[in-house]
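Structure data (mmCIF, C-alpha atoms) from query_24.cif:
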```cif
data_coords
#
loop_
_atom_site.label_atom_id
_atom_site.label_comp_id
_atom_site.auth_asym_id
_atom_site.auth_seq_id
_atom_site.Cartn_x
_atom_site.Cartn_y
_atom_site.Cartn_z
CA MET A 6 -43.34 34.50 44.46
CA LYS A 7 -42.76 30.80 43.96
CA SER A 8 -41.49 29.86 40.49
CA TRP A 9 -43.80 27.25 38.97
CA SER A 10 -43.17 25.41 35.73
CA LEU A 11 -45.88 25.26 33.10
CA GLY A 12 -46.14 21.54 33.85
CA THR A 13 -47.00 22.33 37.47
CA VAL A 14 -49.48 25.03 36.47
CA LEU A 15 -51.12 22.69 33.93
CA ALA A 16 -51.19 19.86 36.47
CA LEU A 17 -53.05 22.06 38.95
CA ALA A 18 -55.41 23.44 36.31
CA LEU A 19 -56.08 20.06 34.82
CA ALA A 20 -56.73 18.50 38.22
CA LEU A 21 -59.40 21.11 38.90
CA CYS A 22 -61.22 20.62 35.59
CA GLY A 23 -63.68 17.87 34.83
CA CYS A 24 -62.46 14.97 32.71
CA SER A 25 -66.00 13.66 32.27
CA SER A 26 -67.08 16.86 30.48
CA PHE A 27 -64.13 16.43 28.11
CA GLU A 28 -65.18 12.84 27.45
CA SER A 29 -68.72 14.02 26.63
CA ARG A 30 -67.37 16.65 24.22
CA TRP A 31 -65.01 14.07 22.68
CA ASN A 32 -67.81 11.56 22.11
CA ALA A 33 -70.09 14.23 20.58
CA ALA A 34 -67.44 15.77 18.30
CA PRO A 35 -66.97 14.70 14.68
CA SER A 36 -63.67 13.19 13.49
CA THR A 37 -63.60 15.69 10.61
CA SER A 38 -65.53 18.84 9.82
CA ALA A 39 -66.50 21.02 6.88
CA ASP A 40 -64.60 23.98 8.38
CA GLY A 41 -61.40 21.88 8.69
CA VAL A 42 -60.92 22.98 12.30
CA SER A 43 -63.80 21.77 14.50
CA GLY A 44 -63.89 18.29 15.90
CA ARG A 45 -61.51 15.75 17.41
CA TRP A 46 -57.71 15.77 17.34
CA ILE A 47 -55.16 13.38 18.88
CA GLY A 48 -51.39 13.61 19.32
CA THR A 49 -48.75 14.74 21.80
CA TRP A 50 -47.44 17.76 23.68
CA GLN A 51 -43.74 18.38 24.39
CA ASN A 52 -41.93 21.05 26.38
CA THR A 53 -38.99 22.58 24.52
CA ASN A 54 -37.03 23.43 27.66
CA ASN A 55 -37.20 20.04 29.45
CA ALA A 56 -38.26 16.43 28.88
CA HIS A 57 -41.89 16.90 29.96
CA GLY A 58 -44.50 15.76 27.45
CA GLY A 59 -47.16 13.19 26.84
CA PRO A 60 -50.34 12.24 25.02
CA LEU A 61 -52.81 14.95 24.04
CA GLN A 62 -56.38 14.98 22.77
CA ALA A 63 -58.29 18.07 21.69
CA VAL A 64 -61.83 19.00 20.80
CA LEU A 65 -62.38 22.28 18.96
CA ILE A 66 -65.87 23.77 19.00
CA ALA A 67 -66.78 26.69 16.72
CA LYS A 68 -68.07 29.82 18.47
CA GLY A 69 -68.06 31.87 15.26
CA SER A 70 -66.46 31.59 11.83
CA ASN A 71 -62.95 32.28 13.21
CA ASP A 72 -63.46 31.80 16.96
CA PHE A 73 -63.21 28.44 18.70
CA SER A 74 -63.13 26.95 22.17
CA ALA A 75 -60.26 24.47 22.37
CA TYR A 76 -60.61 21.75 25.01
CA PHE A 77 -57.52 19.65 25.74
CA TYR A 78 -57.02 16.40 27.62
CA ALA A 79 -53.33 15.96 28.43
CA GLY A 80 -51.34 13.20 30.02
CA TRP A 81 -48.00 13.46 31.80
CA GLY A 82 -46.49 10.60 33.73
CA LYS A 83 -49.32 8.81 35.51
CA ARG A 84 -51.48 11.95 35.63
CA SER A 85 -53.96 13.47 33.23
CA GLY A 86 -56.54 16.22 33.09
CA THR A 87 -58.28 18.85 30.98
CA PHE A 88 -57.66 22.47 29.99
CA GLN A 89 -59.75 24.92 27.92
CA THR A 90 -58.62 28.01 26.03
CA PRO A 91 -60.26 30.29 23.45
CA ILE A 92 -58.52 30.66 20.08
CA GLN A 93 -59.14 33.15 17.27
CA GLY A 94 -57.64 33.33 13.83
CA SER A 95 -57.96 33.74 10.12
CA ARG A 96 -57.96 31.49 7.10
CA GLU A 97 -55.32 31.36 4.37
CA GLY A 98 -56.57 28.79 1.87
CA ASP A 99 -57.09 25.53 3.77
CA THR A 100 -54.94 26.73 6.71
CA PHE A 101 -56.42 28.32 9.84
CA ARG A 102 -53.75 30.40 11.64
CA PHE A 103 -54.66 31.16 15.23
CA THR A 104 -53.62 32.69 18.52
CA GLY A 105 -55.05 32.44 21.99
CA SER A 106 -54.17 33.03 25.61
CA LYS A 107 -55.42 32.10 29.01
CA ARG A 108 -54.37 32.88 32.58
CA VAL A 109 -53.99 29.86 34.82
CA PHE A 110 -53.21 30.64 38.47
CA GLY A 111 -51.87 34.04 37.42
CA VAL A 112 -49.61 32.68 34.68
CA LYS A 113 -50.47 33.77 31.14
CA ILE A 114 -50.14 30.92 28.65
CA LYS A 115 -50.07 32.02 25.00
CA THR A 116 -50.84 29.67 22.14
CA SER A 117 -50.35 30.08 18.40
CA GLY A 118 -50.35 27.73 15.48
CA ALA A 119 -51.84 26.46 12.27
CA ILE A 120 -54.58 23.95 11.59
CA GLN A 121 -55.11 22.23 8.27
CA PRO A 122 -57.85 19.65 7.63
CA TYR A 123 -55.68 16.78 9.00
CA ASP A 124 -52.83 18.52 10.88
CA PHE A 125 -52.88 20.69 14.00
CA ASN A 126 -49.53 22.18 15.03
CA ALA A 127 -49.20 24.74 17.79
CA PHE A 128 -46.74 26.39 20.15
CA TYR A 129 -47.38 27.41 23.73
CA ASP A 130 -45.37 29.84 25.79
CA SER A 131 -45.43 31.20 29.33
CA ARG A 132 -42.85 32.96 31.43
CA PHE A 133 -41.71 29.54 32.71
CA ASP A 134 -42.09 27.08 29.85
CA SER A 135 -42.65 26.68 26.16
CA GLY A 136 -43.46 23.76 23.94
CA THR A 137 -45.38 22.26 21.08
CA PHE A 138 -48.64 20.46 20.35
CA THR A 139 -48.65 18.07 17.39
CA LEU A 140 -52.03 16.54 16.54
CA LYS A 141 -53.79 14.74 13.71
CA ARG A 142 -57.35 13.59 13.10
CA PRO A 143 -58.13 10.28 14.86
#
```
As structure tokens, the full file:
Amino acid sequence: MKSWSLGTVLALALALCGCSSFESRWNAAPSTSADGVSGRWIGTWQNTNNAHGGPLQAVLIAKGSNDFSAYFYAGWGKRSGTFQTPIQGSREGDTFRFTGSKRVFGVKIKTSGAIQPYDFNAFYDSRFDSGTFTLKRP
């Protein structure tokens, strides 16, 4: 089996997803929310095992009190695209600690992190790559 980096997997996944639907979600989402999690986020992503990284936007939409759909719009080099993953978690004071996973072209990408009203920090990991997301409210 060919060894693909997470960047390659994300590039393929993002190229297949619709950027216009992300833009619609972005425009409809609030900049802040009463639950401290839903809404718009903006920042960067960075691989920990190479120099890949770039700008990142996210829209989180509540599906239940502790379940969300996370939609990401990532840039790398001159390319960009979208990616969606479900996340679930629990609240500890004003912090929402979460995990999630999604298979993209057979590669499982796991996500975990913490969201506070104005900070969103997460880690991602697959068998090929790992890295961080660092976002704030726009």
On this structure, the PyMOL selection byres ((chain A and resi 119) around 10) would catch which residues? List them as a short mmCIF file (atom, residue, chain, number, x, y, z; two decimals) with C-alpha atoms, keeping the file's coordinate frame, sorted by chain and number.
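So out_7.cif came out as:
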```cif
data_model
loop_
_atom_site.label_atom_id
_atom_site.label_comp_id
_atom_site.auth_asym_id
_atom_site.auth_seq_id
_atom_site.Cartn_x
_atom_site.Cartn_y
_atom_site.Cartn_z
CA VAL A 42 -60.92 22.98 12.30
CA GLY A 94 -57.64 33.33 13.83
CA SER A 95 -57.96 33.74 10.12
CA ARG A 96 -57.96 31.49 7.10
CA GLU A 97 -55.32 31.36 4.37
CA THR A 100 -54.94 26.73 6.71
CA PHE A 101 -56.42 28.32 9.84
CA ARG A 102 -53.75 30.40 11.64
CA PHE A 103 -54.66 31.16 15.23
CA THR A 104 -53.62 32.69 18.52
CA SER A 117 -50.35 30.08 18.40
CA GLY A 118 -50.35 27.73 15.48
CA ILE A 120 -54.58 23.95 11.59
CA GLN A 121 -55.11 22.23 8.27
CA ASP A 124 -52.83 18.52 10.88
CA PHE A 125 -52.88 20.69 14.00
CA ASN A 126 -49.53 22.18 15.03
CA ALA A 127 -49.20 24.74 17.79
CA PHE A 128 -46.74 26.39 20.15
#
```
Handout entry: d(atom CA of A:Gly82, atom CA of A:Gly59) in Å
Key = 7.4 Å
Problem - Of the listed residues A:Trp81, A:Tyr76, A:Trp46, A:Phe88, that which approaches A:Pro143 most closely, counting only C-alpha atoms - result: A:Trp46
Problem - Given the PyMOL selection byres ((chain A and resi 60-70) around 8), the residues it picks as a list in words - result: Arg30, Trp31, Ala34, Val42, Ser43, Gly44, Arg45, Trp46, Ile47, Gly48, Thr49, Trp50, Gly58, Gly59, Asn71, Asp72, Phe73, Ser74, Ala75, Tyr76, Phe77, Tyr78, Ala79, Gly80, Trp81, Phe138 and Leu140 of chain A
Writing out the chosen residues with C-alpha atoms as a CSV table (one decimal), keeping the file's coordinate frame:
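Result file is result21.csv:
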```
chain,number,residue,atom,x,y,z
A,30,ARG,CA,-67.4,16.6,24.2
A,31,TRP,CA,-65.0,14.1,22.7
A,34,ALA,CA,-67.4,15.8,18.3
A,42,VAL,CA,-60.9,23.0,12.3
A,43,SER,CA,-63.8,21.8,14.5
A,44,GLY,CA,-63.9,18.3,15.9
A,45,ARG,CA,-61.5,15.8,17.4
A,46,TRP,CA,-57.7,15.8,17.3
A,47,ILE,CA,-55.2,13.4,18.9
A,48,GLY,CA,-51.4,13.6,19.3
A,49,THR,CA,-48.8,14.7,21.8
A,50,TRP,CA,-47.4,17.8,23.7
A,58,GLY,CA,-44.5,15.8,27.4
A,59,GLY,CA,-47.2,13.2,26.8
A,71,ASN,CA,-63.0,32.3,13.2
A,72,ASP,CA,-63.5,31.8,17.0
A,73,PHE,CA,-63.2,28.4,18.7
A,74,SER,CA,-63.1,27.0,22.2
A,75,ALA,CA,-60.3,24.5,22.4
A,76,TYR,CA,-60.6,21.8,25.0
A,77,PHE,CA,-57.5,19.6,25.7
A,78,TYR,CA,-57.0,16.4,27.6
A,79,ALA,CA,-53.3,16.0,28.4
A,80,GLY,CA,-51.3,13.2,30.0
A,81,TRP,CA,-48.0,13.5,31.8
A,138,PHE,CA,-48.6,20.5,20.4
A,140,LEU,CA,-52.0,16.5,16.5
```
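The gap separating atom CA of A:Ile114 from atom CA of A:Ser26 is 22.1 Å, in Å to one decimal.
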Exercise for the section: Work out how far apart atom CA of A:Lys113 and atom CA of A:Ser29 are and give it in Å to one decimal. Expected result: 27.3 Å
